[in-house]
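Pasted below: model.cif, mmCIF, C-alpha atoms; chains and numbers go by the auth columns.
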```
data_my_file
#
loop_
_atom_site.group_PDB
_atom_site.id
_atom_site.type_symbol
_atom_site.label_atom_id
_atom_site.label_comp_id
_atom_site.label_asym_id
_atom_site.label_seq_id
_atom_site.Cartn_x
_atom_site.Cartn_y
_atom_site.Cartn_z
_atom_site.B_iso_or_equiv
_atom_site.auth_seq_id
_atom_site.auth_asym_id
ATOM 1 C CA MET A 1 14.735 -16.274 0.601 0.00 1 A
ATOM 2 C CA SER A 2 11.642 -14.098 0.403 0.00 2 A
ATOM 3 C CA ALA A 3 9.830 -12.620 3.394 0.00 3 A
ATOM 4 C CA SER A 4 6.069 -12.731 3.864 0.00 4 A
ATOM 5 C CA VAL A 5 4.083 -10.123 5.799 0.00 5 A
ATOM 6 C CA PRO A 6 0.303 -10.477 6.189 0.00 6 A
ATOM 7 C CA ILE A 7 -1.783 -7.393 5.553 0.00 7 A
ATOM 8 C CA ILE A 8 -2.988 -5.638 8.732 0.00 8 A
ATOM 9 C CA TRP A 9 -6.110 -3.547 8.156 0.00 9 A
ATOM 10 C CA ASN A 10 -5.780 -0.193 9.920 0.00 10 A
ATOM 11 C CA ASP A 11 -7.566 3.021 8.885 0.00 11 A
ATOM 12 C CA ASP A 12 -4.826 5.035 10.638 0.00 12 A
ATOM 13 C CA VAL A 13 -2.612 4.418 7.589 0.00 13 A
ATOM 14 C CA ASN A 14 -4.610 7.100 5.785 0.00 14 A
ATOM 15 C CA LYS A 15 -4.456 9.608 8.664 0.00 15 A
ATOM 16 C CA VAL A 16 -1.537 11.883 7.876 0.00 16 A
ATOM 17 C CA GLU A 17 -1.234 15.265 9.559 0.00 17 A
ATOM 18 C CA GLY A 18 0.328 18.266 7.868 0.00 18 A
ATOM 19 C CA HIS A 19 1.294 18.778 4.255 0.00 19 A
ATOM 20 C CA LEU A 20 1.920 15.664 2.204 0.00 20 A
ATOM 21 C CA ASP A 21 4.680 17.416 0.264 0.00 21 A
ATOM 22 C CA ASP A 22 6.791 16.937 3.429 0.00 22 A
ATOM 23 C CA LEU A 23 8.388 13.520 2.808 0.00 23 A
ATOM 24 C CA ALA A 24 8.607 12.848 6.554 0.00 24 A
ATOM 25 C CA LYS A 25 4.799 12.688 6.602 0.00 25 A
ATOM 26 C CA TRP A 26 5.027 9.586 4.386 0.00 26 A
ATOM 27 C CA GLN A 27 6.799 7.666 7.167 0.00 27 A
ATOM 28 C CA ARG A 28 4.695 5.756 9.704 0.00 28 A
ATOM 29 C CA PRO A 29 6.978 4.370 12.447 0.00 29 A
ATOM 30 C CA ASP A 30 3.903 4.144 14.693 0.00 30 A
ATOM 31 C CA LEU A 31 2.362 1.381 12.521 0.00 31 A
ATOM 32 C CA PRO A 32 3.609 -2.157 11.882 0.00 32 A
ATOM 33 C CA PRO A 33 4.864 -3.216 8.428 0.00 33 A
ATOM 34 C CA GLY A 34 2.015 -4.400 6.215 0.00 34 A
ATOM 35 C CA SER A 35 -0.580 -2.061 7.736 0.00 35 A
ATOM 36 C CA ALA A 36 -2.994 -1.002 5.009 0.00 36 A
ATOM 37 C CA CYS A 37 -6.322 0.610 4.207 0.00 37 A
ATOM 38 C CA TRP A 38 -8.485 1.135 1.158 0.00 38 A
ATOM 39 C CA VAL A 39 -8.822 4.742 -0.011 0.00 39 A
ATOM 40 C CA ASN A 40 -11.999 5.828 -1.767 0.00 40 A
ATOM 41 C CA GLY A 41 -12.190 8.195 -4.696 0.00 41 A
ATOM 42 C CA MET A 42 -14.553 11.152 -5.094 0.00 42 A
ATOM 43 C CA ASP A 43 -17.375 8.772 -6.047 0.00 43 A
ATOM 44 C CA ASP A 44 -16.918 6.828 -2.765 0.00 44 A
ATOM 45 C CA GLN A 45 -15.677 3.736 -4.634 0.00 45 A
ATOM 46 C CA ILE A 46 -12.352 2.083 -3.794 0.00 46 A
ATOM 47 C CA ALA A 47 -9.610 3.817 -5.775 0.00 47 A
ATOM 48 C CA CYS A 48 -6.335 2.621 -4.243 0.00 48 A
ATOM 49 C CA LEU A 49 -4.624 0.675 -1.504 0.00 49 A
ATOM 50 C CA ARG A 50 -2.378 2.639 0.855 0.00 50 A
ATOM 51 C CA PHE A 51 0.122 0.597 2.877 0.00 51 A
ATOM 52 C CA VAL A 52 3.102 0.765 5.212 0.00 52 A
ATOM 53 C CA CYS A 53 6.022 -0.918 3.476 0.00 53 A
ATOM 54 C CA PRO A 54 6.328 -4.575 4.455 0.00 54 A
ATOM 55 C CA CYS A 55 10.162 -4.353 4.560 0.00 55 A
ATOM 56 C CA GLY A 56 10.104 -2.443 7.851 0.00 56 A
ATOM 57 C CA CYS A 57 11.369 0.934 6.570 0.00 57 A
ATOM 58 C CA HIS A 58 8.015 2.517 7.635 0.00 58 A
ATOM 59 C CA GLY A 59 7.596 4.244 4.259 0.00 59 A
ATOM 60 C CA MET A 60 4.090 4.485 2.849 0.00 60 A
ATOM 61 C CA GLY A 61 3.027 3.377 -0.599 0.00 61 A
ATOM 62 C CA THR A 62 -0.114 3.830 -2.656 0.00 62 A
ATOM 63 C CA VAL A 63 -1.272 1.432 -5.348 0.00 63 A
ATOM 64 C CA PRO A 64 -4.122 2.633 -7.626 0.00 64 A
ATOM 65 C CA VAL A 65 -6.669 -0.027 -8.567 0.00 65 A
ATOM 66 C CA ARG A 66 -8.888 2.220 -10.727 0.00 66 A
ATOM 67 C CA PRO A 67 -8.094 4.451 -13.698 0.00 67 A
ATOM 68 C CA GLY A 68 -7.496 8.118 -12.958 0.00 68 A
ATOM 69 C CA TYR A 69 -5.783 7.734 -9.582 0.00 69 A
ATOM 70 C CA GLY A 70 -2.175 7.552 -10.740 0.00 70 A
ATOM 71 C CA GLY A 71 -0.047 6.950 -13.811 0.00 71 A
ATOM 72 C CA ALA A 72 -0.094 3.186 -13.428 0.00 72 A
ATOM 73 C CA MET A 73 -2.913 0.929 -12.278 0.00 73 A
ATOM 74 C CA TRP A 74 -2.823 -2.536 -10.742 0.00 74 A
ATOM 75 C CA ASN A 75 -5.318 -5.308 -11.340 0.00 75 A
ATOM 76 C CA TRP A 76 -7.264 -6.142 -8.194 0.00 76 A
ATOM 77 C CA ASP A 77 -9.225 -9.359 -7.727 0.00 77 A
ATOM 78 C CA GLY A 78 -12.040 -7.513 -5.869 0.00 78 A
ATOM 79 C CA ASN A 79 -11.424 -9.242 -2.532 0.00 79 A
ATOM 80 C CA LYS A 80 -11.426 -6.472 0.104 0.00 80 A
ATOM 81 C CA GLU A 81 -10.179 -8.634 3.002 0.00 81 A
ATOM 82 C CA LEU A 82 -7.519 -10.805 1.290 0.00 82 A
ATOM 83 C CA PRO A 83 -6.669 -8.861 -1.879 0.00 83 A
ATOM 84 C CA THR A 84 -4.449 -9.953 -4.730 0.00 84 A
ATOM 85 C CA LEU A 85 -2.871 -7.253 -6.897 0.00 85 A
ATOM 86 C CA THR A 86 -0.998 -7.785 -10.144 0.00 86 A
ATOM 87 C CA PRO A 87 1.558 -7.117 -11.436 0.00 87 A
ATOM 88 C CA SER A 88 4.201 -6.875 -8.691 0.00 88 A
ATOM 89 C CA ILE A 89 4.668 -3.735 -6.596 0.00 89 A
ATOM 90 C CA LEU A 90 7.966 -1.854 -6.813 0.00 90 A
ATOM 91 C CA ARG A 91 8.518 1.082 -4.473 0.00 91 A
ATOM 92 C CA LEU A 92 10.539 3.671 -6.372 0.00 92 A
ATOM 93 C CA SER A 93 11.593 5.593 -3.256 0.00 93 A
ATOM 94 C CA ASP A 94 13.116 4.770 0.105 0.00 94 A
ATOM 95 C CA CYS A 95 13.925 1.061 0.316 0.00 95 A
ATOM 96 C CA LYS A 96 12.969 0.064 -3.262 0.00 96 A
ATOM 97 C CA TRP A 97 10.927 -2.885 -1.907 0.00 97 A
ATOM 98 C CA HIS A 98 9.731 -5.216 -4.645 0.00 98 A
ATOM 99 C CA GLY A 99 7.136 -7.914 -4.170 0.00 99 A
ATOM 100 C CA TYR A 100 3.589 -9.112 -4.581 0.00 100 A
ATOM 101 C CA LEU A 101 0.362 -8.790 -2.635 0.00 101 A
ATOM 102 C CA THR A 102 -1.266 -12.194 -2.942 0.00 102 A
ATOM 103 C CA LYS A 103 -4.304 -13.338 -0.941 0.00 103 A
ATOM 104 C CA GLY A 104 -3.656 -10.661 1.676 0.00 104 A
ATOM 105 C CA VAL A 105 0.062 -11.359 2.117 0.00 105 A
ATOM 106 C CA PHE A 106 2.947 -9.149 0.973 0.00 106 A
ATOM 107 C CA VAL A 107 5.655 -11.442 -0.424 0.00 107 A
ATOM 108 C CA SER A 108 9.103 -10.070 -1.238 0.00 108 A
ATOM 109 C CA CYS A 109 10.765 -11.020 -4.519 0.00 109 A
#
```

Just give me the structure of the file as structure tokens.
Amino acid sequence: MSASVPIIWNDDVNKVEGHLDDLAKWQRPDLPPGSACWVNGMDDQIACLRFVCPCGCHGMGTVPVRPGYGGAMWNWDGNKELPTLTPSILRLSDCKWHGYLTKGVFVSC
């Protein structure tokens, strides 16, 4: 049975204090699972989606939606409020969550 977690827009997802090479800084126990924000690139255009893992582990993930912001890039439907990204998202660290973001809802595989 797969779990569904609606996206919760919260700019605090992108507020990380200290050095990001400290893995503990990539944990956000203060934010609910599914919290997310858009992150702009140098040209002030949306470059990626940063989110708190919907599984509840509190790990943060980043999904690039434009070239040049990571090795891989996801297709984004352009909807800022209820986004759909393809293909699926697989977190390679922490919990290894795997699922989809479809119409603003994280759905586990």

* **Cut-off 9 Å around (2.2, 4.3, 7.7) with all atoms listed in the file: residues as a ChimeraX atom specification** => /A:12-16,25-36,50-53,58-61

List the residues selected by the PyMOL selection byres ((chain A and resi 87) around 10) in the file shown, writing them as a CSV table (one decimal) with C-alpha atoms, in the frame of the given file.
```csv
chain,number,residue,atom,x,y,z
A,73,MET,CA,-2.9,0.9,-12.3
A,74,TRP,CA,-2.8,-2.5,-10.7
A,75,ASN,CA,-5.3,-5.3,-11.3
A,76,TRP,CA,-7.3,-6.1,-8.2
A,84,THR,CA,-4.4,-10.0,-4.7
A,85,LEU,CA,-2.9,-7.3,-6.9
A,86,THR,CA,-1.0,-7.8,-10.1
A,88,SER,CA,4.2,-6.9,-8.7
A,89,ILE,CA,4.7,-3.7,-6.6
A,90,LEU,CA,8.0,-1.9,-6.8
A,99,GLY,CA,7.1,-7.9,-4.2
A,100,TYR,CA,3.6,-9.1,-4.6
A,101,LEU,CA,0.4,-8.8,-2.6
```

* To do: Skip Ser108 in chain A itself and residues of its chain fewer than 3 positions away, then list as a PyMOL selection string all residues within 9 Å of it, counting all atoms listed in the file.
  => chain A and resi 1-5+54-55+97-101

* Between CA of Leu82 in chain A and CA of Met42 in chain A - distance in Å to one decimal ->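 If I compute the distance from CA of Met42 in chain A to CA of Leu82 in chain A, I get 23.9 Å.
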
* Asked: Just how far from CA of Gln45 in chain A is CA of Ala72 in chain A, in Å to one decimal?
  ->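 CA of Gln45 in chain A lies at a distance of 17.9 Å from CA of Ala72 in chain A.
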
* Using only C-alpha atoms, which of the listed residues (A:Asp43, A:Asp94, A:Asp11, A:Glu81) sits closest to Arg66 in chain A? ->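 The shortest atom-to-atom distance to Arg66 in chain A comes from A:Asp43.
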
* Resolved residues for the PyMOL selection byres ((chain A and resi 39) around 8) as a ChimeraX atom specification -> /A:14,37-38,40-41,46-50

* Asked: Between A:Lys103, A:Lys96, A:Arg91, A:Pro67, which has the minimum distance to Asn79 in chain A (counting only C-alpha atoms)?
  ->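 Selected residue with least distance to Asn79 in chain A: A:Lys103.
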
* Counting all atoms listed in the file, the residue of A:Gly78, A:Pro6, A:Gly71, A:Gly56 that sits nearest Val105 in chain A ->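 That would be A:Pro6, the residue with the smallest distance to Val105 in chain A.
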
Restricted to C-alpha atoms, what does range 78-103 of chain A look like when written out as a PDB file, in the first residue's frame?
```
ATOM      1  CA  GLY A  78       5.149  24.221 -14.911  1.00  0.00           C
ATOM      2  CA  ASN A  79       2.460  24.254 -12.216  1.00  0.00           C
ATOM      3  CA  LYS A  80       3.994  26.072  -9.221  1.00  0.00           C
ATOM      4  CA  GLU A  81       1.197  25.258  -6.743  1.00  0.00           C
ATOM      5  CA  LEU A  82       0.381  21.615  -7.632  1.00  0.00           C
ATOM      6  CA  PRO A  83       3.488  20.420  -9.491  1.00  0.00           C
ATOM      7  CA  THR A  84       3.988  17.130 -11.272  1.00  0.00           C
ATOM      8  CA  LEU A  85       7.551  15.886 -11.755  1.00  0.00           C
ATOM      9  CA  THR A  86       8.640  12.950 -13.882  1.00  0.00           C
ATOM     10  CA  PRO A  87      10.223  10.477 -13.714  1.00  0.00           C
ATOM     11  CA  SER A  88       9.936   9.173 -10.138  1.00  0.00           C
ATOM     12  CA  ILE A  89      12.099  10.514  -7.310  1.00  0.00           C
ATOM     13  CA  LEU A  90      14.529   8.156  -5.578  1.00  0.00           C
ATOM     14  CA  ARG A  91      16.432   9.439  -2.556  1.00  0.00           C
ATOM     15  CA  LEU A  92      19.881   7.861  -2.644  1.00  0.00           C
ATOM     16  CA  SER A  93      20.673   8.635   1.002  1.00  0.00           C
ATOM     17  CA  ASP A  94      18.973   8.177   4.347  1.00  0.00           C
ATOM     18  CA  CYS A  95      15.684   6.317   3.915  1.00  0.00           C
ATOM     19  CA  LYS A  96      15.923   5.603   0.154  1.00  0.00           C
ATOM     20  CA  TRP A  97      12.345   6.894  -0.330  1.00  0.00           C
ATOM     21  CA  HIS A  98      11.015   6.241  -3.818  1.00  0.00           C
ATOM     22  CA  GLY A  99       7.884   7.800  -5.235  1.00  0.00           C
ATOM     23  CA  TYR A 100       6.259  10.385  -7.440  1.00  0.00           C
ATOM     24  CA  LEU A 101       5.201  13.998  -7.076  1.00  0.00           C
ATOM     25  CA  THR A 102       1.908  14.205  -8.933  1.00  0.00           C
ATOM     26  CA  LYS A 103      -0.465  17.188  -8.822  1.00  0.00           C
TER      27      LYS A 103
END
```
